[in-house]
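To start, the structure itself, in structure tokens.
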Amino acid sequence: MNLVIIGLNHCSAPVAVRERVAFPRAQLGAATCELLSAAPVTEVAILSTCNRVEIYALAAAAGQAALALRRYLHSYHKLTEPIDVHLYERHNRDCIAHLLNVVCGLDSMVLGETEILGQVKDAYAAAQTAGATGAALNRLFQKAFAAAKHIRSTTAITRGSTSVANVAVELAEKIFRDLTQSTVMVIGTGAMSEATAKALRSRGAGSILVCGRDRERSGALAGQLGGRAIHYDDWPVEFPKVDIVISATASPHPIVTREKLIPLMKERHQRPLFLIDIGVPRDIETACDELENVYVYNMDDMQQIAKENLAAREREITICRELIAERVARLAEWLEERYK
Amino acid sequence: MTDRYFLWMAFVFYVGASALTLWRLRSERSQSWLHHINVILIVVGFLMQLVGLILRGQNLHRCPLTNPFEVTVFIVWALVLFYLVIGPSYRVSFLGAFTAPVVTLILLTGLLTASDAPHALVLKHSPWVEFHAGIGILACGAFALAFVVAAMDLVQNRQLKSHHPSPTFRLLPAVEQLGVIGVRLLMLGFILLTVGMIGGVISDKLVEAWPWQKVAWAWTTWWVYAALLAARTIGNWRGQKASVATMAAFIFLLTAYWGTSWLAR
């Protein structure tokens, strides 16, 4: 018996191809059942995310099974043009290594991201519920999850945020005791400030105030974030209640200055204040950072942190690969022993 | 085996916990099993210290608080007691890791430098005297833990202000949380100190007059902590200023105690 995988990901196929072969989550179970009868495989699981579609299978004849899986992918999605050029195929030891790399986030677009582990768990659960897994795939997936857990805790592959928005969230979590008690103010509505506010909201930020010159736009963003829109001229009035400020205006001069902040900090009893300056030219005067309990971070600071975090993750790849290689060898041995 | 043997054994375990801390900070490890080893090393050190203090108490037939060495050892013991009792309720990551080096340093200072000779001005054996001294030492334990929390706050604050925080910053709690815990520990310490002071005033009247150096030290400490607490609560002192003041207050407490003890000999 052989383990086989057929798939494509963000490296092998553009999004236009990936979106055509993606399996809706609700149809994963039915598709796995269908595959069991459509292809010469005894066990099968389908992983479908925005960045990858992969079919894992156990078959007596690897070549035949791979061919059938390719045909199934084309027929299921009613593809008019062949996508074989985008597909990769791995067998046995390489298949095991591939899955372990995937669950550990080594094969992800954002190196070391952790969301993929949950997605693989969902794919496995769907296949298991559909009765499409057996001894081989059960062992393969369970060992892969254990490996991911071990690698996450013993290496720095998942440590530190690699996007500017998440770096802002990470910093906010090291300033404030509880983000749910924090109020965020977004001054100026741009893509970056929106992404940062969304990231803070997803981590439980209490309330969000959106303030912009364009009332319609700030109202729409406030609606998306579940916050409240305020008029641009009113931001100084609301400012003392705010803990985190994301500023991204097109103002040619700093809108938050040291002189303005000193009385405001008194008013807020010197509670910590996190100022995220995304504006170019900068919206927050550099001297504000000299004030106690005021933390000012601009785009360059956060990009630098994200870059350093990514570099730190990249340095961990070798260690992760070594840990994975040990587990691949053990799993491959078990597979050979069981199906010899 | 003498009490000193157990105190040195305690010191060895605290050194182990401190070494583990340094290694964790260097290697950026935050796994729970490492935290458990840290706690186990501190607990064993704490028990060794307890045995040492009990043996010494049995020899003296009183609470072993008769000279600077014993008081220093007792303050360290109270600090660890507060860490073990109060620490888990706050769930502060790395509190134990920061406590271990402070404990090691104070205990080593006590073992090597503090006078272990019987004090010339040992007061009469009385429950009021022991109540005053015991509660006072517990207050010092709370202030010592506030010192540890302030040190963590200072480190984390500097990391955030640097704009390029090292990976250590991910291991430490939020500055706001450290500020809140620091104030609570100062309040607890201040209440205990005040109760201890009342015991001291009563023993001064009922048992025997305290040496003036001790009285001056106790009242100065009380005023220093009253001012610090007022600054941190009513005056809204937060961040670096508050941390430095909290650390300075505890350093004053220790050095002033050793100084007045030397003067009172």
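To be explicit about the labels: the chains of the structure tokens are called A, B, and onward in the order shown, and within each one the residues are counted from 1, while ligands get numbers from 1 in the order they are shown.
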
Residues within 9 Å of stretch 162-168 of chain B, only C-alpha atoms, excluding chain neighbours under 5 positions, as a PyMOL selection string
(chain A and resi 159-160+295-297+301-302+304-305+309) or (chain B and resi 25-26+28+156-157)

Quick one: residues within 8 Å of stretch 162-164 of chain A, only C-alpha atoms counted, chain neighbours fewer than 5 positions away excluded, as a PyMOL selection string?
chain A and resi 110+196+299+302-303+305-307+309-310

Those same residues - N, CA, C and O atoms - I'd like them written as a PDB file, in the first residue's frame.
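To be explicit, this is the file written out as again.pdb:
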```
ATOM      1  N   VAL A 110       2.492  32.613   4.780  1.00  0.00           N
ATOM      2  CA  VAL A 110       3.129  33.299   5.907  1.00  0.00           C
ATOM      3  C   VAL A 110       3.806  32.217   6.745  1.00  0.00           C
ATOM      4  O   VAL A 110       3.131  31.416   7.396  1.00  0.00           O
ATOM      5  N   THR A 196      -5.476  47.250  10.703  1.00  0.00           N
ATOM      6  CA  THR A 196      -5.005  47.264  12.094  1.00  0.00           C
ATOM      7  C   THR A 196      -6.189  47.268  13.059  1.00  0.00           C
ATOM      8  O   THR A 196      -6.194  46.528  14.053  1.00  0.00           O
ATOM      9  N   MET A 299       4.994  53.373  11.052  1.00  0.00           N
ATOM     10  CA  MET A 299       5.036  52.274  10.083  1.00  0.00           C
ATOM     11  C   MET A 299       6.411  51.608  10.041  1.00  0.00           C
ATOM     12  O   MET A 299       6.512  50.385  10.031  1.00  0.00           O
ATOM     13  N   MET A 302       7.062  49.310  13.004  1.00  0.00           N
ATOM     14  CA  MET A 302       6.303  48.052  12.983  1.00  0.00           C
ATOM     15  C   MET A 302       6.745  47.142  11.838  1.00  0.00           C
ATOM     16  O   MET A 302       6.806  45.925  12.003  1.00  0.00           O
ATOM     17  N   GLN A 303       7.082  47.760  10.699  1.00  0.00           N
ATOM     18  CA  GLN A 303       7.581  46.947   9.579  1.00  0.00           C
ATOM     19  C   GLN A 303       8.904  46.280   9.957  1.00  0.00           C
ATOM     20  O   GLN A 303       9.147  45.125   9.614  1.00  0.00           O
ATOM     21  N   ILE A 305       9.875  45.442  12.984  1.00  0.00           N
ATOM     22  CA  ILE A 305       9.607  44.342  13.926  1.00  0.00           C
ATOM     23  C   ILE A 305       9.097  43.123  13.148  1.00  0.00           C
ATOM     24  O   ILE A 305       9.551  41.994  13.382  1.00  0.00           O
ATOM     25  N   ALA A 306       8.152  43.365  12.208  1.00  0.00           N
ATOM     26  CA  ALA A 306       7.595  42.257  11.421  1.00  0.00           C
ATOM     27  C   ALA A 306       8.708  41.556  10.641  1.00  0.00           C
ATOM     28  O   ALA A 306       8.760  40.322  10.577  1.00  0.00           O
ATOM     29  N   LYS A 307       9.627  42.365  10.087  1.00  0.00           N
ATOM     30  CA  LYS A 307      10.741  41.815   9.300  1.00  0.00           C
ATOM     31  C   LYS A 307      11.665  40.981  10.188  1.00  0.00           C
ATOM     32  O   LYS A 307      12.077  39.871   9.815  1.00  0.00           O
ATOM     33  N   ASN A 309      10.862  39.531  12.993  1.00  0.00           N
ATOM     34  CA  ASN A 309      10.144  38.312  13.407  1.00  0.00           C
ATOM     35  C   ASN A 309      10.197  37.259  12.305  1.00  0.00           C
ATOM     36  O   ASN A 309      10.382  36.070  12.581  1.00  0.00           O
ATOM     37  N   LEU A 310      10.013  37.704  11.076  1.00  0.00           N
ATOM     38  CA  LEU A 310      10.052  36.773   9.954  1.00  0.00           C
ATOM     39  C   LEU A 310      11.453  36.162   9.818  1.00  0.00           C
ATOM     40  O   LEU A 310      11.593  34.951   9.623  1.00  0.00           O
TER      41      LEU A 310
END
```

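Selecting chain A residues within 8 Å of chain B and counting only C-alpha atoms yields Ser153, Thr154, Gly160, Leu171, Glu173, Lys174, Ile175, Phe176, Arg177, His269, Gln270, Arg271, Pro272, Asp289, Glu292, Asn293, Tyr295, Tyr297, Asp301, Gln304 and Ile305 of chain A.
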
Pick out the residues sitting within 9 Å of A:Val85, and hand them over as a ChimeraX atom specification; count only C-alpha atoms, and ignore anything fewer than 2 positions along from it in its own chain.
/A:12-13,82-83,87-88

Please write the residues from the selection above to a file, keeping N, CA, C and O atoms, as a JSON list (two decimals), in the first residue's frame.
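part_5.json, freshly written:
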```json
[["chain", "number", "residue", "atom", "x", "y", "z"],
["A", 12, "SER", "N", 2.37, 26.81, -6.48],
["A", 12, "SER", "CA", 2.26, 26.11, -7.78],
["A", 12, "SER", "C", 1.14, 26.65, -8.66],
["A", 12, "SER", "O", 1.13, 26.39, -9.86],
["A", 13, "ALA", "N", 0.18, 27.35, -8.06],
["A", 13, "ALA", "CA", -0.97, 27.81, -8.87],
["A", 13, "ALA", "C", -1.41, 29.20, -8.47],
["A", 13, "ALA", "O", -1.43, 29.53, -7.27],
["A", 82, "PRO", "N", -7.11, 21.73, -18.67],
["A", 82, "PRO", "CA", -6.38, 20.91, -17.70],
["A", 82, "PRO", "C", -5.53, 21.77, -16.75],
["A", 82, "PRO", "O", -5.00, 22.81, -17.17],
["A", 83, "ILE", "N", -5.43, 21.33, -15.52],
["A", 83, "ILE", "CA", -4.63, 22.09, -14.54],
["A", 83, "ILE", "C", -3.42, 21.26, -14.08],
["A", 83, "ILE", "O", -2.78, 21.59, -13.08],
["A", 87, "LEU", "N", -0.38, 20.99, -10.66],
["A", 87, "LEU", "CA", -0.51, 19.97, -9.61],
["A", 87, "LEU", "C", 0.83, 19.34, -9.25],
["A", 87, "LEU", "O", 1.66, 19.11, -10.11],
["A", 88, "TYR", "N", 1.00, 19.07, -7.97],
["A", 88, "TYR", "CA", 2.17, 18.30, -7.54],
["A", 88, "TYR", "C", 1.70, 16.96, -7.01],
["A", 88, "TYR", "O", 0.53, 16.81, -6.61]]
```

Skipping near chain neighbours, those fewer than 5 positions away, what residues fall within 10 Å of A:Ala135 using only C-alpha atoms, listed as a ChimeraX atom specification?
/A:43,58,140,335,338

Using the selection just defined, write its residues with all heavy atoms as a JSON list (two decimals), in the first residue's frame.
```
[["chain", "number", "residue", "atom", "x", "y", "z"],
["A", 43, "GLU", "N", -8.36, 4.71, 1.48],
["A", 43, "GLU", "CA", -8.56, 5.79, 2.47],
["A", 43, "GLU", "C", -8.33, 7.11, 1.75],
["A", 43, "GLU", "O", -7.48, 7.19, 0.86],
["A", 43, "GLU", "CB", -7.55, 5.68, 3.63],
["A", 43, "GLU", "CG", -7.72, 4.42, 4.46],
["A", 43, "GLU", "CD", -6.68, 4.34, 5.59],
["A", 43, "GLU", "OE1", -6.33, 5.40, 6.15],
["A", 43, "GLU", "OE2", -6.24, 3.23, 5.88],
["A", 58, "LEU", "N", -4.69, 6.57, 0.42],
["A", 58, "LEU", "CA", -3.93, 5.32, 0.57],
["A", 58, "LEU", "C", -4.41, 4.41, -0.55],
["A", 58, "LEU", "O", -5.62, 4.20, -0.72],
["A", 58, "LEU", "CB", -4.21, 4.67, 1.94],
["A", 58, "LEU", "CG", -3.40, 3.41, 2.22],
["A", 58, "LEU", "CD1", -1.95, 3.74, 2.56],
["A", 58, "LEU", "CD2", -4.02, 2.60, 3.36],
["A", 140, "LEU", "N", -1.30, 8.87, 10.29],
["A", 140, "LEU", "CA", -0.59, 9.96, 9.62],
["A", 140, "LEU", "C", -1.02, 11.32, 10.16],
["A", 140, "LEU", "O", -0.19, 12.15, 10.56],
["A", 140, "LEU", "CB", -0.85, 9.89, 8.11],
["A", 140, "LEU", "CG", -0.27, 11.02, 7.26],
["A", 140, "LEU", "CD1", 1.26, 10.99, 7.28],
["A", 140, "LEU", "CD2", -0.76, 10.94, 5.82],
["A", 335, "LEU", "N", 4.68, 2.49, 8.25],
["A", 335, "LEU", "CA", 3.85, 2.25, 7.06],
["A", 335, "LEU", "C", 4.36, 1.03, 6.29],
["A", 335, "LEU", "O", 3.59, 0.14, 5.90],
["A", 335, "LEU", "CB", 3.88, 3.49, 6.17],
["A", 335, "LEU", "CG", 2.85, 3.56, 5.07],
["A", 335, "LEU", "CD1", 1.48, 3.87, 5.65],
["A", 335, "LEU", "CD2", 3.21, 4.65, 4.05],
["A", 338, "ARG", "N", 3.68, -2.17, 8.24],
["A", 338, "ARG", "CA", 2.27, -2.57, 8.27],
["A", 338, "ARG", "C", 1.79, -3.11, 6.93],
["A", 338, "ARG", "O", 0.99, -4.03, 6.88],
["A", 338, "ARG", "CB", 1.41, -1.36, 8.68],
["A", 338, "ARG", "CG", -0.03, -1.76, 8.90],
["A", 338, "ARG", "CD", -0.88, -0.63, 9.40],
["A", 338, "ARG", "NE", -2.28, -1.03, 9.33],
["A", 338, "ARG", "CZ", -2.98, -1.48, 10.34],
["A", 338, "ARG", "NH1", -2.42, -1.57, 11.52],
["A", 338, "ARG", "NH2", -4.24, -1.84, 10.19]]
```

Atom CA of A:Ser207 to atom CA of A:Ser182, straight-line distance in Å
6.9 Å

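The interatomic distance for the pair atom CA of A:Val242 and atom CA of B:Ser89 works out to 28.8 Å.
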